[in-house]
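The file protein-v6.csv contains CSV, C-alpha atoms:
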```
chain,number,residue,atom,x,y,z
T,1171,MET,CA,2.3,16.1,34.1
T,1172,LEU,CA,-0.2,14.7,31.6
T,1173,VAL,CA,0.9,15.5,28.1
T,1174,VAL,CA,-2.1,14.2,26.3
T,1175,ALA,CA,-4.7,15.9,28.4
T,1176,GLU,CA,-5.4,18.7,25.9
T,1177,ARG,CA,-6.1,17.7,22.3
T,1178,GLU,CA,-3.4,19.2,20.2
T,1179,GLN,CA,-3.9,20.5,16.7
T,1180,LEU,CA,-2.6,17.9,14.3
T,1181,PRO,CA,-2.1,18.4,10.5
T,1182,VAL,CA,-4.7,15.8,9.5
T,1183,LEU,CA,-6.1,17.9,6.7
T,1184,GLN,CA,-2.6,18.3,5.2
T,1185,ALA,CA,-2.0,14.6,5.6
T,1186,LYS,CA,-5.2,13.9,3.7
T,1187,ALA,CA,-3.8,16.1,0.9
T,1188,GLY,CA,-0.7,13.8,0.9
T,1189,GLU,CA,1.8,16.2,2.4
T,1190,PRO,CA,4.8,14.1,3.7
T,1191,GLU,CA,5.6,16.6,6.3
T,1192,ALA,CA,2.2,16.3,7.8
T,1193,TRP,CA,2.4,12.5,7.9
T,1194,ASP,CA,5.8,12.8,9.5
T,1195,ILE,CA,4.4,14.9,12.3
T,1196,LEU,CA,1.5,12.5,12.8
T,1197,PHE,CA,3.7,9.4,12.8
T,1198,ARG,CA,6.2,11.1,15.2
T,1199,ARG,CA,3.4,12.0,17.5
T,1200,TYR,CA,1.9,8.5,17.7
T,1201,GLN,CA,4.6,6.0,16.9
T,1202,LEU,CA,5.7,5.4,20.5
T,1203,PRO,CA,2.3,5.4,22.2
T,1204,LEU,CA,1.1,3.1,19.4
T,1205,TYR,CA,4.1,0.8,19.9
T,1206,VAL,CA,3.5,0.7,23.7
T,1207,TYR,CA,-0.1,-0.2,23.2
T,1208,VAL,CA,0.6,-2.9,20.6
T,1209,PHE,CA,3.6,-4.3,22.5
T,1210,GLU,CA,1.7,-4.6,25.8
T,1211,LEU,CA,-0.9,-6.6,24.0
T,1212,VAL,CA,1.3,-9.0,21.9
T,1213,HIS,CA,4.5,-9.0,24.0
T,1214,ASP,CA,6.8,-9.5,21.1
T,1215,GLU,CA,9.1,-6.7,19.8
T,1216,GLN,CA,9.3,-7.7,16.2
T,1217,THR,CA,5.5,-8.4,15.9
T,1218,SER,CA,4.8,-5.0,17.5
T,1219,LEU,CA,7.1,-3.2,15.1
T,1220,ASP,CA,5.4,-5.0,12.2
T,1221,LEU,CA,2.0,-4.1,13.5
T,1222,VAL,CA,3.0,-0.5,13.9
T,1223,GLN,CA,4.3,-0.4,10.3
T,1224,GLU,CA,1.1,-2.1,9.0
T,1225,THR,CA,-1.0,0.5,11.0
T,1226,PHE,CA,0.9,3.3,9.4
T,1227,ILE,CA,0.5,1.9,5.9
T,1228,ALA,CA,-3.2,1.3,6.5
T,1229,ALA,CA,-3.5,4.9,7.8
T,1230,VAL,CA,-2.0,6.3,4.7
T,1231,ARG,CA,-4.1,4.2,2.5
T,1232,TYR,CA,-7.4,4.8,4.2
T,1233,ILE,CA,-7.1,8.4,5.5
T,1234,GLY,CA,-9.8,9.4,3.1
T,1235,SER,CA,-12.3,7.4,5.2
T,1236,LEU,CA,-11.6,9.4,8.3
T,1237,ARG,CA,-14.6,11.7,8.7
T,1238,ASP,CA,-13.7,13.6,11.8
T,1239,ASP,CA,-10.2,14.9,11.7
T,1240,ALA,CA,-10.2,15.5,15.5
T,1241,LYS,CA,-10.5,11.7,16.0
T,1242,PHE,CA,-7.3,10.8,14.1
T,1243,GLY,CA,-5.7,9.4,17.3
T,1244,SER,CA,-8.5,7.0,18.2
T,1245,TRP,CA,-8.9,6.1,14.5
T,1246,LEU,CA,-5.2,5.2,14.3
T,1247,PHE,CA,-5.4,3.2,17.5
T,1248,GLY,CA,-8.5,1.5,16.2
T,1249,ILE,CA,-6.5,0.3,13.2
T,1250,ALA,CA,-3.8,-1.0,15.4
T,1251,HIS,CA,-6.3,-2.8,17.6
T,1252,GLN,CA,-7.8,-4.5,14.6
T,1253,LYS,CA,-4.3,-5.6,13.5
T,1254,CYS,CA,-3.7,-7.1,17.0
T,1255,LEU,CA,-7.1,-8.9,16.8
T,1256,GLN,CA,-6.2,-10.3,13.4
T,1257,ARG,CA,-2.9,-11.5,14.8
T,1258,TRP,CA,-4.7,-13.1,17.7
T,1259,ARG,CA,-7.1,-14.8,15.4
T,1260,LYS,CA,-4.3,-16.3,13.5
T,1261,GLN,CA,-3.0,-17.7,16.7
T,1262,ASN,CA,-6.4,-19.0,17.7
T,1263,ARG,CA,-6.4,-16.9,20.8
T,1264,GLU,CA,-9.6,-15.0,20.1
T,1265,GLU,CA,-11.4,-16.5,23.0
T,1266,ILE,CA,-9.3,-14.7,25.5
T,1267,LEU,CA,-10.8,-11.4,24.3
T,1268,LEU,CA,-14.3,-12.6,25.0
T,1269,ASP,CA,-14.3,-12.9,28.8
T,1270,GLU,CA,-17.4,-11.7,30.7
T,1271,ILE,CA,-17.0,-9.4,33.6
T,1272,PRO,CA,-19.7,-8.0,35.8
T,1273,ASP,CA,-21.0,-4.5,35.4
T,1274,ALA,CA,-19.1,-1.7,36.9
T,1275,PRO,CA,-20.5,0.5,39.6
T,1276,ASN,CA,-21.5,4.0,38.6
T,1277,GLU,CA,-18.5,5.8,40.0
T,1278,PHE,CA,-15.7,6.2,37.4
T,1279,GLU,CA,-12.3,7.7,37.8
T,1280,ASN,CA,-12.0,9.8,34.7
T,1281,ARG,CA,-8.3,10.8,34.9
T,1282,PRO,CA,-5.5,8.5,34.1
T,1283,ASP,CA,-3.1,10.6,36.2
T,1284,ASP,CA,-5.1,10.0,39.4
T,1285,LEU,CA,-2.9,7.0,39.8
T,1286,LEU,CA,0.6,7.9,40.7
T,1287,ILE,CA,3.2,5.3,41.0
T,1288,HIS,CA,6.4,5.4,43.1
T,1289,ARG,CA,9.6,4.6,41.4
T,1290,GLU,CA,10.0,1.4,43.4
T,1291,GLN,CA,6.5,0.3,42.3
T,1292,GLU,CA,7.2,0.6,38.6
T,1293,ALA,CA,8.2,-3.0,38.1
T,1294,GLU,CA,5.2,-4.2,40.0
T,1295,PHE,CA,3.0,-2.0,37.9
T,1296,MET,CA,4.3,-3.5,34.7
T,1297,ASN,CA,4.0,-7.0,36.1
T,1298,LEU,CA,0.4,-6.4,37.1
T,1299,LEU,CA,-0.4,-4.9,33.8
T,1300,ASN,CA,0.8,-8.1,32.1
T,1301,GLN,CA,-1.3,-10.2,34.5
T,1302,LEU,CA,-4.5,-8.5,33.5
T,1303,PRO,CA,-6.7,-10.3,31.0
T,1304,PRO,CA,-6.3,-8.7,27.5
T,1305,PRO,CA,-9.6,-6.9,27.3
T,1306,GLN,CA,-8.9,-5.1,30.6
T,1307,ARG,CA,-5.3,-4.5,29.6
T,1308,SER,CA,-6.4,-3.1,26.3
T,1309,VAL,CA,-8.8,-0.5,27.8
T,1310,LEU,CA,-6.4,0.4,30.6
T,1311,LEU,CA,-3.6,1.0,28.1
T,1312,LEU,CA,-5.8,3.2,25.9
T,1313,HIS,CA,-6.8,5.1,29.0
T,1314,PHE,CA,-3.3,5.5,30.4
T,1315,VAL,CA,-1.3,6.1,27.2
T,1316,GLU,CA,-3.6,8.4,25.3
T,1317,ASP,CA,-6.3,9.4,27.8
T,1318,PHE,CA,-9.0,8.3,25.4
T,1319,SER,CA,-12.6,8.8,26.5
T,1320,LEU,CA,-14.9,5.9,27.1
T,1321,ASP,CA,-16.6,6.5,23.8
T,1322,GLU,CA,-13.3,6.6,22.0
T,1323,ILE,CA,-12.1,3.4,23.7
T,1324,ALA,CA,-15.4,1.7,22.8
T,1325,GLY,CA,-14.9,2.8,19.2
T,1326,ILE,CA,-11.3,1.5,19.1
T,1327,THR,CA,-12.1,-1.8,20.7
T,1328,GLY,CA,-15.5,-2.4,19.2
T,1329,ALA,CA,-17.0,-3.0,22.6
T,1330,ALA,CA,-20.0,-1.3,24.2
T,1331,VAL,CA,-19.4,1.8,26.4
T,1332,GLY,CA,-20.8,-0.1,29.4
T,1333,THR,CA,-18.4,-3.0,28.8
T,1334,VAL,CA,-15.4,-0.6,28.5
T,1335,LYS,CA,-16.5,1.2,31.7
T,1336,SER,CA,-16.6,-2.1,33.7
T,1337,ARG,CA,-13.3,-3.3,32.2
T,1338,LEU,CA,-11.6,-0.1,33.1
T,1339,HIS,CA,-13.1,-0.1,36.6
T,1340,TYR,CA,-12.0,-3.6,37.4
T,1341,ALA,CA,-8.5,-3.1,35.9
T,1342,LYS,CA,-7.9,0.0,37.9
T,1343,LYS,CA,-9.3,-1.7,41.0
T,1344,SER,CA,-6.9,-4.6,40.6
T,1345,LEU,CA,-4.0,-2.2,40.0
T,1346,ARG,CA,-4.8,-0.1,43.1
T,1347,LYS,CA,-5.2,-3.2,45.3
T,1348,LEU,CA,-1.8,-4.4,44.2
T,1349,LEU,CA,-0.1,-1.1,44.7
T,1350,GLU,CA,-1.7,-0.8,48.2
T,1351,GLU,CA,-0.4,-4.2,49.1
T,1352,LYS,CA,3.1,-3.3,48.0
T,1353,LYS,CA,3.3,-0.1,50.0
J,931,MET,CA,6.1,9.8,41.5
J,932,LYS,CA,5.2,9.1,37.9
J,933,THR,CA,2.0,8.6,35.9
J,934,PRO,CA,1.4,5.2,34.3
J,935,ARG,CA,1.8,6.9,30.9
J,936,GLU,CA,5.3,8.1,31.8
J,937,ILE,CA,6.3,4.7,33.0
J,938,LEU,CA,5.0,2.9,29.9
J,939,LEU,CA,6.6,5.3,27.5
J,940,GLU,CA,9.9,5.1,29.4
J,941,GLN,CA,9.8,1.3,29.4
J,942,HIS,CA,9.7,1.3,25.6
J,943,ARG,CA,11.9,4.3,24.8
J,944,SER,CA,14.6,2.0,23.5
J,945,ALA,CA,12.3,1.1,20.5
J,946,ALA,CA,12.4,4.7,19.3
J,947,PRO,CA,15.2,4.3,16.7
J,948,LYS,CA,13.5,1.3,15.1
J,949,LEU,CA,10.2,3.2,15.1
J,950,ASP,CA,12.0,6.1,13.4
J,951,ALA,CA,13.3,3.8,10.7
J,952,ILE,CA,9.8,2.4,10.2
J,953,ARG,CA,8.4,5.9,10.0
J,954,ARG,CA,11.0,7.0,7.4
J,955,GLU,CA,10.4,3.8,5.3
J,956,VAL,CA,6.6,4.3,5.3
J,957,LEU,CA,7.0,8.0,4.4
J,958,ALA,CA,9.4,7.2,1.6
J,959,GLU,CA,7.4,4.3,0.1
J,960,LYS,CA,3.8,5.1,0.8
J,961,VAL,CA,3.3,8.8,1.2
J,962,THR,CA,3.1,10.7,-2.1
J,963,PRO,CA,0.7,13.5,-2.9
J,964,ALA,CA,-1.0,11.2,-5.3
J,965,ARG,CA,-1.5,8.3,-2.9
J,966,ALA,CA,-2.7,10.0,0.2
J,967,GLY,CA,-6.1,11.5,0.4
J,968,GLY,CA,-5.9,14.5,-2.0
J,969,SER,CA,-7.3,15.2,-5.4
J,970,GLY,CA,-4.7,13.1,-7.1
J,971,ALA,CA,-5.7,10.2,-5.0
J,972,LEU,CA,-8.7,9.5,-7.2
J,973,ALA,CA,-6.6,9.3,-10.3
J,974,ALA,CA,-4.2,7.0,-8.6
J,975,VAL,CA,-7.0,4.8,-7.5
J,976,TRP,CA,-8.4,4.6,-11.1
J,977,LEU,CA,-5.0,3.8,-12.5
J,978,ASN,CA,-4.2,1.1,-9.9
J,979,TRP,CA,-7.7,-0.4,-9.6
J,980,PRO,CA,-6.8,-3.9,-10.9
J,981,ALA,CA,-3.9,-4.2,-8.5
J,982,MET,CA,-6.0,-2.7,-5.7
J,983,LEU,CA,-8.9,-5.1,-6.5
J,984,TRP,CA,-6.6,-8.0,-6.3
J,985,ARG,CA,-4.9,-6.8,-3.1
J,986,GLU,CA,-8.1,-5.7,-1.2
J,987,LEU,CA,-10.8,-8.0,-2.5
J,988,ILE,CA,-9.4,-11.2,-4.0
J,989,TRP,CA,-6.2,-11.9,-2.1
J,990,PRO,CA,-7.5,-11.6,1.5
J,991,CYS,CA,-10.3,-14.1,0.7
J,992,ARG,CA,-8.5,-16.2,-1.9
J,993,ARG,CA,-9.7,-19.5,-0.5
J,994,ILE,CA,-13.3,-18.4,-0.7
J,995,TRP,CA,-12.9,-17.1,-4.2
J,996,THR,CA,-11.2,-20.4,-5.2
J,997,GLY,CA,-14.0,-22.4,-3.8
J,998,LEU,CA,-16.6,-20.3,-5.5
J,999,ALA,CA,-14.7,-20.6,-8.8
J,1000,ALA,CA,-14.6,-24.4,-8.4
J,1001,VAL,CA,-18.3,-24.5,-7.7
J,1002,TRP,CA,-19.1,-22.5,-10.8
J,1003,ILE,CA,-16.8,-24.7,-12.9
J,1004,LEU,CA,-18.7,-27.8,-11.6
J,1005,ILE,CA,-22.0,-26.2,-12.4
J,1006,PHE,CA,-20.9,-25.5,-16.0
J,1007,VAL,CA,-19.5,-29.0,-16.5
J,1008,PHE,CA,-22.7,-30.5,-15.1
J,1009,ASN,CA,-24.8,-28.2,-17.3
J,1010,PHE,CA,-22.8,-29.2,-20.5
J,1011,SER,CA,-23.0,-32.9,-19.7
J,1012,GLN,CA,-26.8,-32.7,-19.3
J,1013,ARG,CA,-27.4,-30.9,-22.6
J,1014,ASP,CA,-29.4,-32.8,-25.4
J,1015,PRO,CA,-27.0,-33.5,-28.4
J,1016,SER,CA,-29.9,-33.3,-31.0
J,1017,GLU,CA,-30.5,-29.7,-29.8
J,1018,LEU,CA,-26.9,-29.0,-30.5
J,1019,LEU,CA,-27.1,-30.5,-33.9
J,1020,ALA,CA,-30.2,-28.6,-34.7
J,1021,ARG,CA,-28.4,-25.5,-33.7
J,1022,LYS,CA,-25.4,-26.3,-35.8
J,1023,THR,CA,-27.5,-26.8,-39.0
J,1024,PRO,CA,-27.5,-23.5,-40.8
J,1025,THR,CA,-30.8,-22.0,-41.8
J,1026,PRO,CA,-31.4,-22.2,-45.6
J,1027,THR,CA,-30.8,-19.0,-47.5
J,1028,PRO,CA,-33.3,-17.6,-50.0
J,1029,GLU,CA,-31.1,-18.8,-52.9
J,1030,MET,CA,-31.1,-22.3,-51.5
J,1031,ILE,CA,-34.9,-22.3,-51.2
J,1032,LEU,CA,-35.2,-20.9,-54.8
J,1033,ALA,CA,-32.9,-23.6,-56.1
J,1034,PHE,CA,-34.9,-26.3,-54.2
J,1035,ARG,CA,-38.2,-25.0,-55.7
J,1036,GLN,CA,-36.7,-25.0,-59.2
J,1037,GLN,CA,-35.5,-28.6,-58.8
J,1038,GLU,CA,-38.9,-29.6,-57.5
J,1039,ARG,CA,-40.7,-28.0,-60.5
J,1040,LEU,CA,-38.3,-29.6,-62.9
J,1041,LEU,CA,-38.9,-33.0,-61.3
J,1042,ALA,CA,-42.7,-32.5,-61.6
J,1043,GLU,CA,-42.3,-31.6,-65.3
J,1044,LEU,CA,-40.2,-34.6,-66.0
J,1045,ILE,CA,-42.5,-37.0,-64.4
J,1046,GLY,CA,-45.7,-35.5,-65.7
J,1047,PRO,CA,-49.1,-35.1,-64.0
J,1048,ASN,CA,-50.8,-38.4,-65.5
J,1049,GLU,CA,-47.9,-40.6,-64.7
J,1050,THR,CA,-47.7,-39.3,-61.3
J,1051,ARG,CA,-51.4,-40.1,-60.9
J,1052,SER,CA,-51.0,-43.6,-62.4
J,1053,ALA,CA,-47.9,-44.2,-60.5
J,1054,GLU,CA,-49.6,-43.3,-57.3
J,1055,PRO,CA,-53.3,-44.2,-57.7
J,1056,THR,CA,-55.5,-42.4,-55.2
J,1057,PRO,CA,-57.5,-44.9,-53.1
J,1058,LYS,CA,-61.2,-44.6,-53.8
J,1059,PRO,CA,-63.2,-43.7,-50.8
J,1060,PHE,CA,-65.5,-46.4,-49.6
J,1061,LEU,CA,-69.1,-45.6,-50.2
J,1062,PRO,CA,-71.7,-48.1,-49.1
J,1063,GLN,CA,-74.2,-49.0,-51.9
J,1064,PRO,CA,-77.5,-50.8,-51.8
J,1065,ARG,CA,-76.8,-54.5,-52.2
J,1066,SER,CA,-80.2,-56.1,-53.0
J,1067,GLU,CA,-82.5,-53.4,-54.5
J,1068,GLY,CA,-81.2,-53.6,-58.1
J,1069,ARG,CA,-81.2,-57.4,-58.1
J,1070,PHE,CA,-84.9,-57.4,-57.0
J,1071,GLU,CA,-85.8,-55.1,-59.8
J,1072,THR,CA,-84.2,-57.4,-62.5
J,1073,LEU,CA,-85.8,-60.4,-61.1
J,1074,ALA,CA,-89.2,-58.7,-61.1
J,1075,ALA,CA,-88.8,-57.7,-64.7
```

In structure tokens, write the structure found in this file.
Amino acid sequence: MLVVAEREQLPVLQAKAGEPEAWDILFRRYQLPLYVYVFELVHDEQTSLDLVQETFIAAVRYIGSLRDDAKFGSWLFGIAHQKCLQRWRKQNREEILLDEIPDAPNEFENRPDDLLIHREQEAEFMNLLNQLPPPQRSVLLLHFVEDFSLDEIAGITGAAVGTVKSRLHYAKKSLRKLLEEKK
Amino acid sequence: MKTPREILLEQHRSAAPKLDAIRREVLAEKVTPARAGGSGALAAVWLNWPAMLWRELIWPCRRIWTGLAAVWILIFVFNFSQRDPSELLARKTPTPTPEMILAFRQQERLLAELIGPNETRSAEPTPKPFLPQPRSEGRFETLAA
């Protein structure tokens, strides 16, 4: 069952008006997916919690700059992504985000739930995810966790749609290959 | 069989209490009707603009701002050291007031009266302009007579 397939109605307008209840709903909705995304990129619990907190604070501060309320989710993940990049830059690991990968073929699997994983494969899945280069891991997580579209992922990561497409294709291909091997 | 999303969320479910605490903290400290978005936000921004300016503009690039400030100070110091001192003195001398000019004229007139016009002439004889005169014509005439 894919929970995020349909776009739910979120009280973004009320949040813009400063209603604490609206912010509570929004934060509740995104706190875990956001944490998962950040943690799988930085691999440190405390850093991930700090980054989630910084993301929430930035969201409250800059909510006025959000033009399309329907894009709140991708906007929030975009903030988190930028925070991760800042953290990387501090650690001089920026170069790992700049790897070049060849163009993806035209076919593209659009659903994150087309990949079903057996219980016994879960550990392998997580291991493989961690082995992927950060750019591929990032797009794969955004695709899996929130089912963002290619355009949204491109907006979040600041990469071109074609680049996102190729990263997602190769990440999924690697994942499939490993899962096939382990069967 | 699970979707990757389910696996990922389950893996990190243990962080939920900490995330709840963070959410409550942010809600308590940062979310107020005046701060987030709404009509009161503008007033809050205007009231807090110096702090905001410092936090958003100055502090993140503090090294760059410090460098720029140092460069400007150097430019000012260099500029002052290269300035002509006579120019400064001339600027410092106050412009004479009409009263001062009047007093100066009166003193000048008084001095002229005391010295007198003839004495001034004799004291300072004007040099006669040199006019070339015929040297021999007059002499020839007397000789002829």

Practice task
Give me the residues within 9 Å of stretch 949-955 of chain J as an MDAnalysis selection string, counting all atoms listed in the file and dropping any in the same chain fewer than 3 places off.
Solution key: (chainID T and resid 1194 1197:1198 1201:1202 1205 1219:1220 1222:1223 1226) or (chainID J and resid 945:946 958:960)

With C-alpha atoms retained, write the just-selected residues as a compact mmCIF listing (two decimals), in the coordinates of the input.
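So result.txt came out as:
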```txt
# COMPACT_ATOMS: atom_id res chain seq x y z
CA ASP T 1194 5.80 12.80 9.50
CA PHE T 1197 3.70 9.40 12.80
CA ARG T 1198 6.20 11.10 15.20
CA GLN T 1201 4.60 6.00 16.90
CA LEU T 1202 5.70 5.40 20.50
CA TYR T 1205 4.10 0.80 19.90
CA LEU T 1219 7.10 -3.20 15.10
CA ASP T 1220 5.40 -5.00 12.20
CA VAL T 1222 3.00 -0.50 13.90
CA GLN T 1223 4.30 -0.40 10.30
CA PHE T 1226 0.90 3.30 9.40
CA ALA J 945 12.30 1.10 20.50
CA ALA J 946 12.40 4.70 19.30
CA ALA J 958 9.40 7.20 1.60
CA GLU J 959 7.40 4.30 0.10
CA LYS J 960 3.80 5.10 0.80
```

Each residue of chain T lying at most 6 Å from chain J should get a row with its shortest atom-to-atom pair and the distance in Å to one decimal, counting all atoms listed in the file; could you produce that, ordered by chain and increasing number, as CSV?
```
residue,atom,partner,partner_atom,distance
T:Lys1186,CA,J:Gly967,CA,4.2
T:Ala1187,CA,J:Gly968,CA,3.9
T:Gly1188,CA,J:Pro963,CA,4.1
T:Val1230,CA,J:Ala966,CA,5.9
T:Gly1234,CA,J:Gly967,CA,5.0
T:Asp1283,CA,J:Thr933,CA,5.5
T:Leu1286,CA,J:Thr933,CA,5.0
T:Ile1287,CA,J:Lys932,CA,5.3
T:His1288,CA,J:Met931,CA,4.7
T:Phe1314,CA,J:Arg935,CA,5.3
T:Val1315,CA,J:Arg935,CA,4.9
```

Exercise for the section: Can you work out the spacing between atom CA of T:Pro1203 and atom CA of T:Glu1351 in Å, to one decimal? Expected result: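 Between atom CA of T:Pro1203 and atom CA of T:Glu1351 the gap is 28.7 Å.
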
Handout entry: Contacts of stretch 1290-1306 of chain T at 9 Å (only C-alpha atoms; same-chain gap of 2+ positions) as a ChimeraX atom specification
Key = /T:1210-1211,1213,1266-1269,1287-1288,1308-1311,1327,1334,1336-1342,1344-1345,1348-1349,1352-1353 /J:932,934,937-938

Limited to C-alpha atoms, could you put the picked residues into a file as a PDB file, in the frame of the given file?
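Saved as part.pdb:
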```pdb
ATOM      1  CA  GLU T1210       1.700  -4.600  25.800  1.00  0.00           C
ATOM      2  CA  LEU T1211      -0.900  -6.600  24.000  1.00  0.00           C
ATOM      3  CA  HIS T1213       4.500  -9.000  24.000  1.00  0.00           C
ATOM      4  CA  ILE T1266      -9.300 -14.700  25.500  1.00  0.00           C
ATOM      5  CA  LEU T1267     -10.800 -11.400  24.300  1.00  0.00           C
ATOM      6  CA  LEU T1268     -14.300 -12.600  25.000  1.00  0.00           C
ATOM      7  CA  ASP T1269     -14.300 -12.900  28.800  1.00  0.00           C
ATOM      8  CA  ILE T1287       3.200   5.300  41.000  1.00  0.00           C
ATOM      9  CA  HIS T1288       6.400   5.400  43.100  1.00  0.00           C
ATOM     10  CA  SER T1308      -6.400  -3.100  26.300  1.00  0.00           C
ATOM     11  CA  VAL T1309      -8.800  -0.500  27.800  1.00  0.00           C
ATOM     12  CA  LEU T1310      -6.400   0.400  30.600  1.00  0.00           C
ATOM     13  CA  LEU T1311      -3.600   1.000  28.100  1.00  0.00           C
ATOM     14  CA  THR T1327     -12.100  -1.800  20.700  1.00  0.00           C
ATOM     15  CA  VAL T1334     -15.400  -0.600  28.500  1.00  0.00           C
ATOM     16  CA  SER T1336     -16.600  -2.100  33.700  1.00  0.00           C
ATOM     17  CA  ARG T1337     -13.300  -3.300  32.200  1.00  0.00           C
ATOM     18  CA  LEU T1338     -11.600  -0.100  33.100  1.00  0.00           C
ATOM     19  CA  HIS T1339     -13.100  -0.100  36.600  1.00  0.00           C
ATOM     20  CA  TYR T1340     -12.000  -3.600  37.400  1.00  0.00           C
ATOM     21  CA  ALA T1341      -8.500  -3.100  35.900  1.00  0.00           C
ATOM     22  CA  LYS T1342      -7.900   0.000  37.900  1.00  0.00           C
ATOM     23  CA  SER T1344      -6.900  -4.600  40.600  1.00  0.00           C
ATOM     24  CA  LEU T1345      -4.000  -2.200  40.000  1.00  0.00           C
ATOM     25  CA  LEU T1348      -1.800  -4.400  44.200  1.00  0.00           C
ATOM     26  CA  LEU T1349      -0.100  -1.100  44.700  1.00  0.00           C
ATOM     27  CA  LYS T1352       3.100  -3.300  48.000  1.00  0.00           C
ATOM     28  CA  LYS T1353       3.300  -0.100  50.000  1.00  0.00           C
TER      29      LYS T1353
ATOM     30  CA  LYS J 932       5.200   9.100  37.900  1.00  0.00           C
ATOM     31  CA  PRO J 934       1.400   5.200  34.300  1.00  0.00           C
ATOM     32  CA  ILE J 937       6.300   4.700  33.000  1.00  0.00           C
ATOM     33  CA  LEU J 938       5.000   2.900  29.900  1.00  0.00           C
TER      34      LEU J 938
END
```
